[in-house]
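J.: Quick one: the structure is below, questions incoming.
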Amino acid sequence: MKKRTILTTSSRGLLEDTLPFRLFQKAKRFGVWDPADIDLSQDVKDWASFTHEQKVAILRLISQFQAGEEAVTRDLLPLMMLIAKEGRLEEEMYLTTFLFEEAKHTEFFRRVLNALGENDDLSCYHSETYNTIFNEILPTAMERLETDHSAEALAEASTVYNMFVEGVLAETGYYSFYQSLEKIGAMPGLLKGIGLLKKDEGRHIAYGTFLLQRLISEQPHIFEVVTNKMEQLTPLAIKLNQEGMVEDSPFQVNFEDTMNFTMKQLSVRMEILARSKGRRLEEIYQQSESELERA
Ligand SMILES: [Fe+2]
Ligand SMILES: [Fe+2]
């Protein structure tokens with residue numbers, strides 16, 4: 001039988017000054033907002049005043065977020081299992097909040113749809129590229145971790161999940177919500193929830209960046225694995241934007257601006273990771289959360 005050592009009663013204790021533990025502390029303070037507390041009464045009134053085209057544009061965004069949050073909730077466990085098996089206690093502790101928050105995000109969008117009375121099947125808003133990413137590429141990369149525990153498999157999974165889905169696609173989605181609704185002062189409850197979940201996502205992306213930096217610092221060739229994966233995924237981000245484009249946007253959202261925002265996110269993620277090449281493992285663990293966000 002395999003014998004393990006308990007960490008917290010050993011002289012090691014908990015590694016309290018490391019990045020994963022600091023993210024755990026932050027999540028306990030900021031990740032506990034409740035979707036049920038968000039007032040959607042003004043949103044319901046605004047919805048009734050929207051044109052058909054405006055409703056379609058917002059339903060497309062909500063339905064993509066709804067399915068996306070469900071996907072990341074359902075797909076995270078293999079990564080958590082692998083980190084737990086490796087005995088990385090502080091990372092596992094942080095990941096408990098990660099999954100809790102994704103579940104809350106899934107609840108949030110469903111609450112919005114219920115409040116608006118939009119209970120029809122929304123899968124018509126999931127384009128071909130959307131389905132390829134969320135129903136094939138993401139679950140495949142994550143499920144692979146059930147049997148493949150290599151650094152390469154972990155790096156590819158985190159690139160798809162944290163860098164691409166969270167760091168590029170979701171960030172573009174928030175941008176589109178703000179561009180559509182904030183300037184006309186509509187749907188304040190939806191925007192409030194998005195503001196809160198964007199902060200949760202900031203920690204998720206910070207963890208993914210830390211994880212990839214750790215892998216790159218341990219095995220420098222992992223940087224190439226991540227770069228190759230991002231290059232494979234880039235055309236899908238462009239296609240997804242194109243499929244969501246409509247002539248004469250009902251909220252006057254500029255397509256070029258959205259595309260530029262996506263491309264900027266792609267380059268920022270890679271710039272931050274490039275900095276970890278040649279850095280000592282100790283520095284990766286000690287860095288501040290804000291260092292992970294700066295390009
Ligand atoms: Fe989320
Ligand atoms: Fe997330």
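So you can find residues: chains in the structure tokens are A, B, ... in the order shown, residues in each start at 1, and ligands are numbered from 1 in order.
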Neighbours of ligand 1 at 12 Å or closer, counting only C-alpha atoms and all ligand atoms: which residues, as a CSV table (one decimal) with N, CA, C and O atoms, in the first residue's frame?

T.:
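Result file follows (result27.csv):
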chain,number,residue,atom,x,y,z
A,31,GLY,N,-14.8,35.9,-3.8
A,31,GLY,CA,-15.5,34.9,-4.7
A,31,GLY,C,-16.8,34.4,-4.1
A,31,GLY,O,-17.4,33.4,-4.6
A,64,GLN,N,-24.0,31.9,-25.2
A,64,GLN,CA,-22.6,31.5,-25.3
A,64,GLN,C,-22.0,31.4,-23.9
A,64,GLN,O,-21.2,30.5,-23.6
A,65,PHE,N,-22.3,32.4,-23.1
A,65,PHE,CA,-21.7,32.4,-21.8
A,65,PHE,C,-22.3,31.3,-20.9
A,65,PHE,O,-21.6,30.6,-20.2
A,66,GLN,N,-23.7,31.1,-21.1
A,66,GLN,CA,-24.3,30.1,-20.3
A,66,GLN,C,-23.7,28.7,-20.6
A,66,GLN,O,-23.3,28.0,-19.7
A,67,ALA,N,-23.6,28.4,-21.9
A,67,ALA,CA,-23.0,27.1,-22.2
A,67,ALA,C,-21.5,27.0,-21.9
A,67,ALA,O,-21.0,26.0,-21.5
A,68,GLY,N,-20.8,28.2,-22.0
A,68,GLY,CA,-19.4,28.2,-21.7
A,68,GLY,C,-19.1,28.0,-20.2
A,68,GLY,O,-18.2,27.2,-19.8
A,69,GLU,N,-19.9,28.6,-19.3
A,69,GLU,CA,-19.8,28.4,-17.9
A,69,GLU,C,-20.1,26.9,-17.5
A,69,GLU,O,-19.5,26.3,-16.7
A,70,GLU,N,-21.2,26.4,-18.1
A,70,GLU,CA,-21.5,25.0,-17.9
A,70,GLU,C,-20.3,24.1,-18.3
A,70,GLU,O,-19.9,23.2,-17.5
A,71,ALA,N,-19.7,24.4,-19.5
A,71,ALA,CA,-18.6,23.5,-20.0
A,71,ALA,C,-17.4,23.6,-19.0
A,71,ALA,O,-16.9,22.5,-18.6
A,72,VAL,N,-17.1,24.8,-18.6
A,72,VAL,CA,-15.9,24.9,-17.7
A,72,VAL,C,-16.1,24.3,-16.3
A,72,VAL,O,-15.2,23.8,-15.7
A,73,THR,N,-17.4,24.3,-15.9
A,73,THR,CA,-17.8,23.6,-14.6
A,73,THR,C,-17.6,22.1,-14.8
A,73,THR,O,-17.0,21.4,-13.9
A,74,ARG,N,-18.1,21.6,-15.9
A,74,ARG,CA,-18.1,20.1,-16.1
A,74,ARG,C,-16.7,19.6,-16.5
A,74,ARG,O,-16.5,18.4,-16.3
A,75,ASP,N,-15.8,20.5,-17.0
A,75,ASP,CA,-14.6,20.0,-17.5
A,75,ASP,C,-13.4,20.1,-16.6
A,75,ASP,O,-12.3,19.7,-16.9
A,76,LEU,N,-13.5,20.8,-15.4
A,76,LEU,CA,-12.4,21.2,-14.6
A,76,LEU,C,-11.8,20.0,-13.8
A,76,LEU,O,-10.6,19.9,-13.5
A,97,THR,N,-12.1,26.6,-4.8
A,97,THR,CA,-12.8,27.9,-5.0
A,97,THR,C,-13.1,28.1,-6.5
A,97,THR,O,-14.1,28.7,-6.9
A,98,PHE,N,-12.2,27.6,-7.3
A,98,PHE,CA,-12.3,27.8,-8.8
A,98,PHE,C,-13.6,27.1,-9.3
A,98,PHE,O,-14.4,27.7,-9.9
A,99,LEU,N,-13.7,25.9,-8.9
A,99,LEU,CA,-14.9,25.1,-9.3
A,99,LEU,C,-16.2,25.7,-8.8
A,99,LEU,O,-17.2,25.8,-9.5
A,100,PHE,N,-16.1,26.0,-7.5
A,100,PHE,CA,-17.3,26.7,-6.8
A,100,PHE,C,-17.7,27.9,-7.6
A,100,PHE,O,-18.9,28.1,-7.9
A,101,GLU,N,-16.8,28.7,-8.0
A,101,GLU,CA,-17.1,30.0,-8.7
A,101,GLU,C,-17.7,29.7,-10.1
A,101,GLU,O,-18.6,30.3,-10.6
A,102,GLU,N,-17.1,28.7,-10.8
A,102,GLU,CA,-17.7,28.3,-12.1
A,102,GLU,C,-19.1,27.9,-12.0
A,102,GLU,O,-20.0,28.2,-12.8
A,103,ALA,N,-19.4,27.1,-10.9
A,103,ALA,CA,-20.8,26.6,-10.7
A,103,ALA,C,-21.7,27.8,-10.5
A,103,ALA,O,-22.8,27.9,-11.0
A,104,LYS,N,-21.2,28.8,-9.8
A,104,LYS,CA,-22.0,30.0,-9.5
A,104,LYS,C,-22.2,30.8,-10.8
A,104,LYS,O,-23.3,31.4,-11.0
A,105,HIS,N,-21.2,30.9,-11.6
A,105,HIS,CA,-21.4,31.6,-12.9
A,105,HIS,C,-22.5,30.9,-13.8
A,105,HIS,O,-23.3,31.5,-14.4
A,106,THR,N,-22.5,29.6,-13.7
A,106,THR,CA,-23.5,28.8,-14.5
A,106,THR,C,-24.9,29.1,-13.9
A,106,THR,O,-25.8,29.3,-14.7
A,107,GLU,N,-25.0,29.2,-12.6
A,107,GLU,CA,-26.3,29.6,-12.0
A,107,GLU,C,-26.7,31.0,-12.4
A,107,GLU,O,-27.8,31.3,-12.7
A,108,PHE,N,-25.7,31.9,-12.4
A,108,PHE,CA,-26.0,33.3,-12.7
A,108,PHE,C,-26.7,33.5,-14.0
A,108,PHE,O,-27.8,34.2,-14.1
A,109,PHE,N,-26.1,33.0,-15.1
A,109,PHE,CA,-26.7,33.2,-16.4
A,109,PHE,C,-28.1,32.5,-16.5
A,109,PHE,O,-29.0,33.1,-17.2
A,161,TYR,N,-8.0,25.8,-21.7
A,161,TYR,CA,-9.0,26.2,-20.6
A,161,TYR,C,-8.7,27.7,-20.1
A,161,TYR,O,-9.6,28.5,-20.3
A,162,ASN,N,-7.5,27.9,-19.6
A,162,ASN,CA,-7.2,29.1,-18.9
A,162,ASN,C,-6.8,30.3,-19.9
A,162,ASN,O,-7.2,31.4,-19.7
A,165,VAL,N,-9.9,29.8,-23.6
A,165,VAL,CA,-11.4,30.0,-23.3
A,165,VAL,C,-11.6,31.1,-22.3
A,165,VAL,O,-12.4,32.0,-22.5
A,166,GLU,N,-10.8,31.1,-21.2
A,166,GLU,CA,-11.0,32.2,-20.2
A,166,GLU,C,-10.3,33.5,-20.6
A,166,GLU,O,-10.9,34.6,-20.5
A,167,GLY,N,-9.1,33.4,-21.0
A,167,GLY,CA,-8.2,34.6,-21.2
A,167,GLY,C,-8.5,35.3,-22.5
A,167,GLY,O,-8.3,36.5,-22.6
A,169,LEU,N,-11.5,34.2,-25.1
A,169,LEU,CA,-12.9,34.2,-25.5
A,169,LEU,C,-13.8,34.9,-24.5
A,169,LEU,O,-14.6,35.7,-24.8
A,170,ALA,N,-13.7,34.5,-23.2
A,170,ALA,CA,-14.5,35.1,-22.2
A,170,ALA,C,-14.2,36.6,-22.1
A,170,ALA,O,-15.2,37.4,-22.0
A,171,GLU,N,-13.0,37.0,-22.1
A,171,GLU,CA,-12.6,38.4,-22.1
A,171,GLU,C,-13.3,39.2,-23.2
A,171,GLU,O,-13.8,40.3,-23.0
A,173,GLY,N,-16.0,38.3,-24.7
A,173,GLY,CA,-17.4,38.3,-24.4
A,173,GLY,C,-17.8,39.5,-23.4
A,173,GLY,O,-18.8,40.2,-23.7
A,174,TYR,N,-17.0,39.7,-22.4
A,174,TYR,CA,-17.3,40.8,-21.4
A,174,TYR,C,-17.2,42.1,-22.2
A,174,TYR,O,-18.1,43.0,-22.0
A,193,GLY,N,-23.5,41.4,-12.4
A,193,GLY,CA,-23.0,40.0,-12.3
A,193,GLY,C,-21.8,39.8,-13.1
A,193,GLY,O,-20.8,39.1,-12.7
A,194,ILE,N,-21.8,40.4,-14.3
A,194,ILE,CA,-20.6,40.2,-15.2
A,194,ILE,C,-19.4,40.8,-14.6
A,194,ILE,O,-18.3,40.2,-14.7
A,195,GLY,N,-19.5,42.0,-14.0
A,195,GLY,CA,-18.4,42.6,-13.3
A,195,GLY,C,-17.8,41.7,-12.2
A,195,GLY,O,-16.6,41.6,-12.1
A,196,LEU,N,-18.7,41.1,-11.4
A,196,LEU,CA,-18.3,40.2,-10.4
A,196,LEU,C,-17.6,38.9,-10.9
A,196,LEU,O,-16.6,38.5,-10.4
A,197,LEU,N,-18.2,38.3,-11.9
A,197,LEU,CA,-17.6,37.1,-12.4
A,197,LEU,C,-16.3,37.3,-13.2
A,197,LEU,O,-15.4,36.5,-13.2
A,198,LYS,N,-16.2,38.6,-13.8
A,198,LYS,CA,-14.9,38.9,-14.4
A,198,LYS,C,-13.8,38.9,-13.4
A,198,LYS,O,-12.7,38.5,-13.7
A,199,LYS,N,-14.1,39.4,-12.2
A,199,LYS,CA,-13.0,39.4,-11.1
A,199,LYS,C,-12.7,38.0,-10.7
A,199,LYS,O,-11.5,37.6,-10.5
A,200,ASP,N,-13.7,37.1,-10.6
A,200,ASP,CA,-13.4,35.7,-10.3
A,200,ASP,C,-12.5,35.1,-11.4
A,200,ASP,O,-11.5,34.4,-11.2
A,201,GLU,N,-12.9,35.4,-12.7
A,201,GLU,CA,-12.1,34.9,-13.8
A,201,GLU,C,-10.7,35.4,-13.8
A,201,GLU,O,-9.8,34.7,-14.3
A,202,GLY,N,-10.5,36.6,-13.3
A,202,GLY,CA,-9.1,37.2,-13.2
A,202,GLY,C,-8.2,36.2,-12.4
A,202,GLY,O,-7.1,36.0,-12.7
A,203,ARG,N,-8.8,35.7,-11.3
A,203,ARG,CA,-8.0,34.7,-10.4
A,203,ARG,C,-7.8,33.4,-11.2
A,203,ARG,O,-6.8,32.8,-11.1
A,204,HIS,N,-8.8,33.0,-11.9
A,204,HIS,CA,-8.7,31.7,-12.7
A,204,HIS,C,-7.6,31.8,-13.7
A,204,HIS,O,-6.7,30.9,-13.8
A,205,ILE,N,-7.5,33.0,-14.4
A,205,ILE,CA,-6.5,33.2,-15.4
A,205,ILE,C,-5.1,33.3,-14.7
A,205,ILE,O,-4.1,32.8,-15.2

J.: In terms of the shortest atom-to-atom distance over only C-alpha atoms and all ligand atoms, which of A:Asn254, A:Ser176, A:Gln286, A:Phe164 is closest to ligand 2?

T.: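 Closest to ligand 2 of all the choices is A:Phe164.
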
J.: For Tyr130 in chain A, which residue among A:Met230, A:Leu211, A:Ile238, A:Leu116 is the nearest when counting only C-alpha atoms?

T.: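 Counting only C-alpha atoms, the residue closest to Tyr130 in chain A is A:Ile238.
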
J.: Go through A:Val160, A:Glu289, A:Leu15, A:Val56 one by one, measure the shortest atom-to-atom distance of each to ligand 2 using only C-alpha atoms and all ligand atoms, and give the residue with the smallest value.

T.: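 Looking only at the distances to ligand 2, the closest residue turns out to be A:Val160.
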
J.: Which of these residues is nearest to Ile216 in chain A, using only C-alpha atoms: A:Ile284, A:Val32, A:Leu61, A:Leu79?

T.: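 When distances to Ile216 in chain A are compared using only C-alpha atoms, the smallest one comes from A:Ile284.
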
J.: Restricting the calculation to only C-alpha atoms and all ligand atoms, which member of A:Ala237, A:Ile133, A:Ala206, A:Asp46 is positioned closest to ligand 2?

T.: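 Selected residue with least distance to ligand 2: A:Ala206.
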
J.: At a cut-off of 10 Å, using only C-alpha atoms, what residues contact Ala274 in chain A? Leave out same-chain residues fewer than 6 positions from it and give the result as a VMD selection string.

T.: chain A and resid 213 216 223 227 268

J.: I need the chosen residues saved as a PDB file, in the first residue's frame, with N, CA, C and O atoms.

T.:
ATOM      1  N   GLN A 213       3.547  28.825 -16.117  1.00  0.00           N
ATOM      2  CA  GLN A 213       4.891  29.330 -15.799  1.00  0.00           C
ATOM      3  C   GLN A 213       5.682  28.290 -15.010  1.00  0.00           C
ATOM      4  O   GLN A 213       6.873  28.102 -15.225  1.00  0.00           O
ATOM      5  N   ILE A 216       6.781  25.660 -17.425  1.00  0.00           N
ATOM      6  CA  ILE A 216       7.837  26.167 -18.323  1.00  0.00           C
ATOM      7  C   ILE A 216       9.159  26.274 -17.561  1.00  0.00           C
ATOM      8  O   ILE A 216      10.228  25.942 -18.080  1.00  0.00           O
ATOM      9  N   PHE A 223       7.227  25.773 -23.209  1.00  0.00           N
ATOM     10  CA  PHE A 223       6.827  27.046 -23.827  1.00  0.00           C
ATOM     11  C   PHE A 223       6.423  26.828 -25.292  1.00  0.00           C
ATOM     12  O   PHE A 223       5.446  27.406 -25.762  1.00  0.00           O
ATOM     13  N   THR A 227       2.899  27.614 -27.110  1.00  0.00           N
ATOM     14  CA  THR A 227       2.853  28.465 -28.307  1.00  0.00           C
ATOM     15  C   THR A 227       2.157  27.747 -29.455  1.00  0.00           C
ATOM     16  O   THR A 227       1.300  28.317 -30.126  1.00  0.00           O
ATOM     17  N   VAL A 268      -1.215  39.346 -25.414  1.00  0.00           N
ATOM     18  CA  VAL A 268      -0.900  39.624 -24.001  1.00  0.00           C
ATOM     19  C   VAL A 268      -0.618  38.320 -23.249  1.00  0.00           C
ATOM     20  O   VAL A 268       0.368  38.208 -22.507  1.00  0.00           O
TER      21      VAL A 268
END

J.: To one decimal place in Å, what is the distance between CA of Ile137 in chain A and CA of Phe24 in chain A?

T.: 28.2 Å

J.: Just to confirm, what's the straight-line distance from CA of Ile222 in chain A to CA of Ala153 in chain A in Å (one decimal)?

T.: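 Separation of CA of Ile222 in chain A and CA of Ala153 in chain A: 10.0 Å.
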
J.: Which of these residues is nearest to ligand 2, using only C-alpha atoms and all ligand atoms: A:Leu40, A:Leu95, A:Met245, A:Ala141?

T.: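 Going through A:Leu40, A:Leu95, A:Met245, A:Ala141 one by one, the smallest distance to ligand 2 is for A:Leu95.
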
J.: DSSP on the backbone, helix (DSSP H, G or I) only: what residues of range 72-260 of chain A does that give? Format it as a PyMOL selection string.

T.: chain A and resi 72-75+77-85+89-116+123-125+128-146+151-182+188-218+222-243+255-260

J.: Find the residues around Leu122 in chain A up to 9 Å (only C-alpha atoms counted), leave out those fewer than 2 positions away in its own chain, and share them as a compact mmCIF listing (two decimals) with N, CA, C and O atoms, in the first residue's frame.

T.:
# COMPACT_ATOMS: atom_id res chain seq x y z
N LEU A 59 -29.16 37.70 -26.52
CA LEU A 59 -29.37 36.26 -26.28
C LEU A 59 -28.21 35.43 -26.82
O LEU A 59 -27.82 34.42 -26.21
N ARG A 60 -27.63 35.88 -27.94
CA ARG A 60 -26.47 35.15 -28.48
C ARG A 60 -25.33 35.17 -27.46
O ARG A 60 -24.74 34.14 -27.14
N SER A 63 -26.32 33.13 -24.27
CA SER A 63 -26.35 31.68 -24.49
C SER A 63 -24.94 31.11 -24.63
O SER A 63 -24.67 29.98 -24.22
N GLN A 64 -24.03 31.93 -25.20
CA GLN A 64 -22.64 31.46 -25.32
C GLN A 64 -21.98 31.42 -23.94
O GLN A 64 -21.23 30.49 -23.63
N GLU A 118 -36.86 33.66 -20.89
CA GLU A 118 -36.29 33.04 -22.11
C GLU A 118 -35.99 31.57 -21.82
O GLU A 118 -34.87 31.22 -21.42
N ASN A 119 -36.99 30.75 -22.00
CA ASN A 119 -36.82 29.33 -21.64
C ASN A 119 -36.76 28.39 -22.83
O ASN A 119 -36.78 27.18 -22.67
N ASP A 120 -36.67 28.97 -24.04
CA ASP A 120 -36.58 28.11 -25.23
C ASP A 120 -35.17 27.56 -25.38
O ASP A 120 -34.23 28.03 -24.73
N CYS A 124 -29.42 27.25 -30.98
CA CYS A 124 -29.32 27.87 -32.31
C CYS A 124 -28.29 29.00 -32.31
O CYS A 124 -27.79 29.40 -33.36
N TYR A 125 -27.95 29.51 -31.12
CA TYR A 125 -26.97 30.60 -31.03
C TYR A 125 -25.53 30.08 -30.93
O TYR A 125 -24.59 30.86 -30.84
N HIS A 126 -25.37 28.77 -30.87
CA HIS A 126 -24.03 28.20 -30.80
C HIS A 126 -23.58 27.83 -32.20
O HIS A 126 -24.06 26.87 -32.78

J.: One number please: CA of Gly278 in chain A to CA of Leu215 in chain A, in Å, one decimal.

T.: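 Spanning CA of Gly278 in chain A to CA of Leu215 in chain A is a straight-line distance of 11.5 Å.
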